[in-house]
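Novice: See query.tsv below, with TSV, C-alpha atoms and all ligand atoms.
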chain	number	residue	atom	x	y	z
J	1	MET	CA	-21.87	-1.86	23.96
J	2	MET	CA	-19.36	-0.22	21.60
J	3	PRO	CA	-18.49	-2.44	18.66
J	4	GLY	CA	-15.08	-4.10	19.01
J	5	PHE	CA	-12.29	-3.88	16.46
J	6	GLU	CA	-13.21	-7.10	14.73
J	7	GLU	CA	-16.82	-6.03	14.32
J	8	LYS	CA	-15.73	-2.67	12.95
J	9	ARG	CA	-13.38	-4.40	10.53
J	10	LEU	CA	-16.11	-6.66	9.19
J	11	SER	CA	-18.44	-3.72	8.66
J	12	MET	CA	-15.60	-1.75	6.99
J	13	VAL	CA	-15.23	-4.60	4.50
J	14	ALA	CA	-18.97	-4.85	3.88
J	15	ASN	CA	-19.76	-1.13	3.67
J	16	GLN	CA	-16.62	0.40	2.20
J	17	LEU	CA	-15.20	-2.38	0.04
J	18	ILE	CA	-17.92	-4.76	-1.14
J	19	ARG	CA	-20.37	-1.93	-1.79
J	20	ARG	CA	-17.75	-0.22	-3.94
J	21	GLN	CA	-17.19	-3.31	-6.04
J	22	ILE	CA	-14.02	-4.80	-4.57
J	23	LYS	CA	-14.51	-8.36	-5.84
J	24	SER	CA	-11.44	-10.39	-4.94
J	25	GLU	CA	-12.37	-12.78	-2.11
J	26	ALA	CA	-8.69	-13.10	-1.22
J	27	VAL	CA	-8.32	-9.32	-0.83
J	28	LEU	CA	-11.55	-9.05	1.18
J	29	ASP	CA	-10.42	-11.91	3.39
J	30	ALA	CA	-7.04	-10.27	4.01
J	31	MET	CA	-8.71	-7.02	5.00
J	32	ARG	CA	-11.12	-8.84	7.30
J	33	ASN	CA	-8.09	-10.26	9.10
J	34	VAL	CA	-5.27	-7.70	9.21
J	35	PRO	CA	-5.72	-5.63	12.41
J	36	ARG	CA	-5.53	-2.14	10.86
J	37	HIS	CA	-5.86	-0.44	14.27
J	38	LEU	CA	-2.44	-1.78	15.33
J	39	PHE	CA	-0.84	0.29	12.54
J	40	LEU	CA	-2.18	3.59	13.88
J	41	PRO	CA	-0.87	5.80	16.68
J	42	GLU	CA	-2.46	4.77	20.00
J	43	LYS	CA	-4.62	7.89	20.35
J	44	THR	CA	-6.38	7.37	17.01
J	45	ILE	CA	-7.05	3.63	17.03
J	46	ASP	CA	-10.77	4.17	17.47
J	47	TYR	CA	-10.90	5.71	13.98
J	48	ALA	CA	-8.89	2.94	12.34
J	49	TYR	CA	-11.86	1.53	10.45
J	50	ASP	CA	-13.29	4.87	9.29
J	51	ASP	CA	-13.75	5.52	5.58
J	52	SER	CA	-10.77	7.86	5.31
J	53	PRO	CA	-6.99	8.17	5.41
J	54	MET	CA	-5.55	8.83	8.89
J	55	PRO	CA	-2.45	10.69	10.10
J	56	ILE	CA	0.47	8.50	11.22
J	57	GLY	CA	2.90	11.31	12.18
J	58	TRP	CA	5.66	13.09	10.21
J	59	GLY	CA	2.96	14.62	7.99
J	60	GLN	CA	2.23	11.17	6.56
J	61	THR	CA	-0.96	9.15	6.30
J	62	ILE	CA	-2.19	5.58	6.17
J	63	SER	CA	-4.37	5.32	3.04
J	64	GLN	CA	-8.15	4.98	3.13
J	65	PRO	CA	-9.14	1.28	3.37
J	66	TYR	CA	-10.88	1.40	-0.03
J	67	ILE	CA	-7.73	2.68	-1.76
J	68	VAL	CA	-5.65	-0.06	-0.13
J	69	ALA	CA	-8.14	-2.69	-1.33
J	70	TYR	CA	-8.39	-1.19	-4.82
J	71	MET	CA	-4.61	-0.98	-5.33
J	72	THR	CA	-4.10	-4.46	-3.86
J	73	GLU	CA	-6.67	-5.99	-6.22
J	74	LEU	CA	-4.99	-4.32	-9.22
J	75	LEU	CA	-1.67	-5.97	-8.33
J	76	GLU	CA	-3.31	-9.39	-8.91
J	77	PRO	CA	-1.64	-10.79	-5.79
J	78	VAL	CA	-0.94	-14.52	-5.56
J	79	VAL	CA	1.17	-16.55	-3.14
J	80	GLY	CA	4.87	-15.99	-3.80
J	81	LEU	CA	4.44	-12.83	-5.89
J	82	LYS	CA	7.50	-10.64	-5.32
J	83	ILE	CA	6.42	-7.06	-4.65
J	84	LEU	CA	8.29	-3.79	-4.17
J	85	GLU	CA	6.43	-1.16	-2.16
J	86	ILE	CA	7.55	2.48	-2.09
J	87	GLY	CA	6.37	4.20	1.10
J	88	ALA	CA	5.96	1.63	3.89
J	89	GLY	CA	4.41	4.30	6.13
J	90	SER	CA	2.51	2.47	8.85
J	91	GLY	CA	3.19	-0.94	7.27
J	92	TYR	CA	-0.51	-1.68	6.78
J	93	GLN	CA	-0.45	-2.04	2.98
J	94	ALA	CA	2.57	-4.33	3.30
J	95	ALA	CA	0.71	-6.42	5.90
J	96	VAL	CA	-2.27	-6.87	3.56
J	97	LEU	CA	0.06	-8.06	0.79
J	98	ALA	CA	1.96	-10.32	3.19
J	99	HIS	CA	-1.33	-11.79	4.41
J	100	LEU	CA	-2.01	-12.73	0.78
J	101	GLY	CA	1.25	-14.68	0.76
J	102	CYS	CA	3.28	-12.22	-1.30
J	103	ASP	CA	6.96	-11.55	-0.61
J	104	VAL	CA	7.10	-7.85	0.14
J	105	TYR	CA	10.08	-5.49	0.01
J	106	SER	CA	9.09	-2.08	1.30
J	107	ILE	CA	11.12	1.13	1.37
J	108	GLU	CA	10.39	4.06	3.68
J	109	CYS	CA	12.29	7.36	3.79
J	110	VAL	CA	11.29	8.35	7.35
J	111	GLU	CA	13.56	6.29	9.56
J	112	LYS	CA	11.21	6.16	12.56
J	113	LEU	CA	8.26	5.04	10.42
J	114	ALA	CA	10.40	2.33	8.85
J	115	ALA	CA	11.47	1.08	12.29
J	116	ASP	CA	7.92	1.16	13.70
J	117	ALA	CA	6.40	-0.55	10.66
J	118	SER	CA	9.05	-3.23	10.77
J	119	ARG	CA	8.40	-3.90	14.45
J	120	VAL	CA	4.58	-4.16	14.09
J	121	LEU	CA	4.94	-6.49	11.11
J	122	THR	CA	7.36	-8.71	13.02
J	123	ASP	CA	5.14	-8.72	16.11
J	124	LEU	CA	2.19	-9.82	13.97
J	125	GLY	CA	4.27	-12.66	12.54
J	126	TYR	CA	4.57	-11.44	8.95
J	127	SER	CA	7.96	-12.93	8.16
J	128	ASN	CA	7.54	-12.40	4.40
J	129	VAL	CA	7.99	-8.60	4.58
J	130	LYS	CA	11.26	-6.68	4.67
J	131	VAL	CA	11.17	-2.96	5.42
J	132	ARG	CA	14.19	-0.80	4.81
J	133	HIS	CA	14.92	2.85	5.41
J	134	GLY	CA	15.91	4.49	2.14
J	135	ASN	CA	15.01	6.52	-0.91
J	136	GLY	CA	12.31	4.92	-3.02
J	137	TYR	CA	13.52	6.63	-6.21
J	138	MET	CA	16.42	4.15	-6.19
J	139	GLY	CA	14.18	1.11	-5.83
J	140	TRP	CA	15.78	-2.05	-4.39
J	141	PRO	CA	18.22	-3.14	-7.13
J	142	GLU	CA	19.67	-6.10	-5.15
J	143	GLU	CA	16.23	-7.75	-5.12
J	144	ALA	CA	15.06	-6.78	-8.63
J	145	PRO	CA	13.24	-7.72	-10.76
J	146	PHE	CA	9.84	-7.49	-9.04
J	147	ASP	CA	6.62	-9.05	-10.30
J	148	ALA	CA	4.76	-6.00	-9.05
J	149	VAL	CA	5.52	-2.52	-7.75
J	150	ILE	CA	3.15	-0.47	-5.60
J	151	VAL	CA	3.94	3.18	-5.00
J	152	THR	CA	2.02	4.76	-2.11
J	153	ALA	CA	3.39	8.32	-2.32
J	154	ALA	CA	2.96	10.44	-5.46
J	155	PRO	CA	5.95	11.19	-7.71
J	156	GLU	CA	5.57	13.88	-10.41
J	157	VAL	CA	6.65	11.37	-13.01
J	158	ILE	CA	7.12	7.64	-12.67
J	159	PRO	CA	10.71	7.01	-11.53
J	160	GLU	CA	12.69	5.36	-14.31
J	161	LYS	CA	14.53	3.03	-11.91
J	162	LEU	CA	11.24	1.53	-10.75
J	163	ILE	CA	10.21	0.78	-14.33
J	164	GLU	CA	13.62	-0.86	-14.86
J	165	GLN	CA	13.14	-3.03	-11.77
J	166	LEU	CA	9.72	-4.27	-12.93
J	167	ALA	CA	9.85	-7.81	-14.33
J	168	GLU	CA	8.63	-8.73	-17.80
J	169	GLY	CA	4.87	-9.27	-17.45
J	170	GLY	CA	4.88	-7.12	-14.30
J	171	ILE	CA	2.33	-4.59	-13.02
J	172	MET	CA	3.06	-1.28	-11.33
J	173	ILE	CA	0.39	0.80	-9.58
J	174	ALA	CA	1.31	4.38	-8.75
J	175	PRO	CA	-0.33	7.75	-8.04
J	176	VAL	CA	1.30	10.29	-10.35
J	177	GLY	CA	1.16	14.08	-10.22
J	178	GLY	CA	2.26	17.19	-8.37
J	179	VAL	CA	1.09	18.44	-4.98
J	180	HIS	CA	-1.04	21.20	-6.52
J	181	SER	CA	-2.47	19.28	-9.43
J	182	VAL	CA	-4.86	16.37	-9.57
J	183	GLN	CA	-3.01	13.10	-9.26
J	184	SER	CA	-3.92	10.10	-11.31
J	185	LEU	CA	-3.67	6.52	-10.12
J	186	MET	CA	-1.87	4.77	-12.96
J	187	ARG	CA	-1.30	1.17	-13.97
J	188	ILE	CA	1.96	0.58	-15.80
J	189	THR	CA	2.55	-2.80	-17.39
J	190	LYS	CA	5.60	-4.26	-19.08
J	191	LYS	CA	4.84	-6.81	-21.78
J	192	ASP	CA	7.26	-8.01	-24.46
J	193	GLY	CA	9.47	-5.08	-23.52
J	194	THR	CA	6.69	-2.54	-24.17
J	195	ILE	CA	5.54	-0.19	-21.39
J	196	THR	CA	1.81	0.59	-21.28
J	197	ARG	CA	0.36	3.33	-19.07
J	198	GLU	CA	-3.31	3.65	-18.09
J	199	ASN	CA	-5.04	6.30	-15.98
J	200	LEU	CA	-7.47	4.65	-13.58
J	201	LEU	CA	-8.74	7.09	-10.97
J	202	PRO	CA	-8.15	10.62	-9.65
J	203	VAL	CA	-6.51	10.33	-6.22
J	204	ARG	CA	-4.69	12.35	-3.57
J	205	PHE	CA	-1.55	10.94	-1.97
J	206	VAL	CA	1.26	12.58	-0.01
J	207	PRO	CA	4.12	13.57	-2.35
J	208	MET	CA	7.01	11.21	-2.95
J	209	VAL	CA	9.95	13.22	-1.66
J	210	ASN	CA	13.28	13.44	-3.42
B	1	LIG	N1	1.61	2.38	2.40
B	1	LIG	C1	1.47	3.22	3.58
B	1	LIG	C2	0.99	4.61	3.24
B	1	LIG	C3	2.13	5.51	3.37
B	1	LIG	S1	1.96	7.22	3.01
B	1	LIG	C4	0.59	2.57	4.62
B	1	LIG	O1	0.03	1.51	4.37
B	1	LIG	O2	0.50	3.11	5.73
B	1	LIG	C5	3.40	7.40	2.00
B	1	LIG	C6	4.72	7.09	2.64
B	1	LIG	O3	5.72	7.28	1.65
B	1	LIG	C7	5.11	8.02	3.80
B	1	LIG	O4	5.37	7.24	4.94
B	1	LIG	C8	6.37	8.73	3.30
B	1	LIG	O5	7.30	8.96	4.31
B	1	LIG	C9	6.89	7.75	2.27
B	1	LIG	N2	7.74	8.33	1.22
B	1	LIG	C10	7.62	9.52	0.58
B	1	LIG	N3	8.59	9.69	-0.32
B	1	LIG	C11	9.38	8.58	-0.26
B	1	LIG	C12	10.57	8.17	-0.93
B	1	LIG	N4	11.16	8.92	-1.86
B	1	LIG	N5	11.09	6.96	-0.60
B	1	LIG	C13	10.53	6.18	0.35
B	1	LIG	N6	9.41	6.52	1.03
B	1	LIG	C14	8.84	7.71	0.73
Please express the file's structure as structure tokens.
Specialist:
Amino acid sequence: MMPGFEEKRLSMVANQLIRRQIKSEAVLDAMRNVPRHLFLPEKTIDYAYDDSPMPIGWGQTISQPYIVAYMTELLEPVVGLKILEIGAGSGYQAAVLAHLGCDVYSIECVEKLAADASRVLTDLGYSNVKVRHGNGYMGWPEEAPFDAVIVTAAPEVIPEKLIEQLAEGGIMIAPVGGVHSVQSLMRITKKDGTITRENLLPVRFVPMVN
């Protein structure tokens, strides 16, 4: 018999995440539970647990499971952490954070993706996520400051407004770089008013559009 979705999800966690040193039990548990296939277009759900990004329409992609796990772990998620996400896309990353008990505010510039993500998240009962259609470069000033910011599309430079909306002691994870250059996944922290930037990993994300 073909393995079912739950079986595929458990083997995704074992083979793609644990083998690559994702350590947080909370993150692993969230990814064992969030039904990733429900965030993909119907015709591609059989590939939902593959070790790769997948198209979600409008030239956009849902990130590879490993990248979702890696970025989630770096955010040091705990219950009640207030997180701003730029690029809701399918809503999957937001669901993983919501599963961890974080309060998620996610912005998406493609109106249809924002509407679809919002509906799936509501249907799955994640009441601690708000998705809005808008331009991520502006952030979400009415809800700032945020304990963490996760950017899932690549800007050429880190948007100043997002740094402003990061709380003291906060962590931002963002892929940075142009479409034709290598992007770098960066961690930006704000401590005692000082901004620190670290390069973590070469990555490839869709560009953050302006
Ligand atoms: N986190 C998503 C991955 C999304 S891919 C997931 O889990 O599925 C990146 C998303 O960023 C795309 O949906 C794209 O439309 C969106 N995006 C790109 N530029 C943006 C901007 N300036 N503001 C808001 N969203 C943006």
Novice: Write out as a ChimeraX atom specification each polymer residue (protein, DNA or RNA) that has an atom no more than 7 Å from ligand LIG 1 (chain B), with all atoms listed in the file counted.
Specialist: /J:60-63,86-94,107-110,113,134-137,152-153,206-210
Novice: For a test of reading the model, state the distance in Å between atom CA of Asp147 of chain J and atom CA of Val27 of chain J, rounded to one decimal.
Specialist: 17.7 Å
Novice: Could you check which of J:Asn33, J:Thr72, J:Gln64, J:Ser184 is closest to His99 of chain J, using only C-alpha atoms?
Specialist: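 Smallest separation from His99 of chain J among the options: J:Asn33.
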Novice: Tell me which of J:Lys82, J:Leu100, J:Asp123, J:Lys130 sits closest to Gln165 of chain J, counting all atoms listed in the file.
Specialist: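 Answer, going by the shortest atom-to-atom distance: J:Lys82.
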Novice: Atom CA of Glu156 of chain J and atom CA of Pro55 of chain J, how far apart in Å?
Specialist: 22.3 Å
Novice: Using all atoms listed in the file, find the one residue out of J:Asp50, J:Gly57, J:Ser24, J:Ser106 that sits nearest to Leu10 of chain J.
Specialist: J:Asp50
Novice: Between atom CA of Asp51 of chain J and atom CA of Val131 of chain J, what is the distance, to one decimal in Å?
Specialist: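 Spanning atom CA of Asp51 of chain J to atom CA of Val131 of chain J is a straight-line distance of 26.3 Å.
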Novice: Find the residues near Ala48 of chain J: any atom within 12 Å, counting all atoms listed in the file, skip ones fewer than 5 places away on the same chain, and give them as a VMD selection string.
Specialist: chain J and resid 4 to 6 8 to 9 12 34 to 43 53 to 56 61 to 65 90 92
Novice: Identify which of the residues J:Ile18, J:Val176, J:Leu97, J:Val13 lies closest to Leu75 of chain J, counting only C-alpha atoms when measuring atom-to-atom distances.
Specialist: J:Leu97
Novice: For Ala167 of chain J, please output as a PyMOL selection string all residues within 9 Å (counting only C-alpha atoms; exclusion window: fewer than 4 positions along the same chain).
Specialist: chain J and resi 144-148+163+171+190
Novice: Which one of J:Gly170, J:Pro159, J:Gly101, J:Pro77 sits closest to Asp192 of chain J if you count only C-alpha atoms?
Specialist: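 The answer is J:Gly170, which sits nearest to Asp192 of chain J.
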Novice: Find the residues near Ser127 of chain J: any atom within 12 Å, counting all atoms listed in the file, skip ones fewer than 6 places away on the same chain, and give them as an NGL selection string.
Specialist: :J and (94-95 or 97-99 or 101-105 or 118-121)
Novice: Name the residues in contact with Thr194 of chain J at a cut-off of 10 Å, using all atoms listed in the file, excluding same-chain residues fewer than 4 positions from it; report them as a list in words.
Specialist: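 Counting only the stated atoms, we get Glu168, Gly169, Thr189 and Lys190 of chain J.
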Novice: So that I can see what lies close to Leu28 of chain J, please list as a list in words the residues with an atom at most 8 Å from it, counting all atoms listed in the file and leaving out residues fewer than 4 positions away in the same chain.
Specialist: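 Near Leu28 of chain J, the qualifying residues are Val13, Leu17, Ile22, Lys23, Ser24, Arg32 and Ala69 of chain J.
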Novice: Nearest to Ser181 of chain J among J:Met71, J:Ala14, J:Val78, J:Ala154, with distances taken over all atoms listed in the file: which residue is it?
Specialist: J:Ala154
Novice: Just need the box for segment 54-72 of chain J, edges along x, y and z, holding every atom the file lists for it with 3 Å tacked onto each side, so centre and edge lengths in Å to one decimal, as JSON.
Specialist:
{"center_x": -2.6, "center_y": 5.1, "center_z": 3.4, "size_x": 22.5, "size_y": 25.1, "size_z": 23.5}
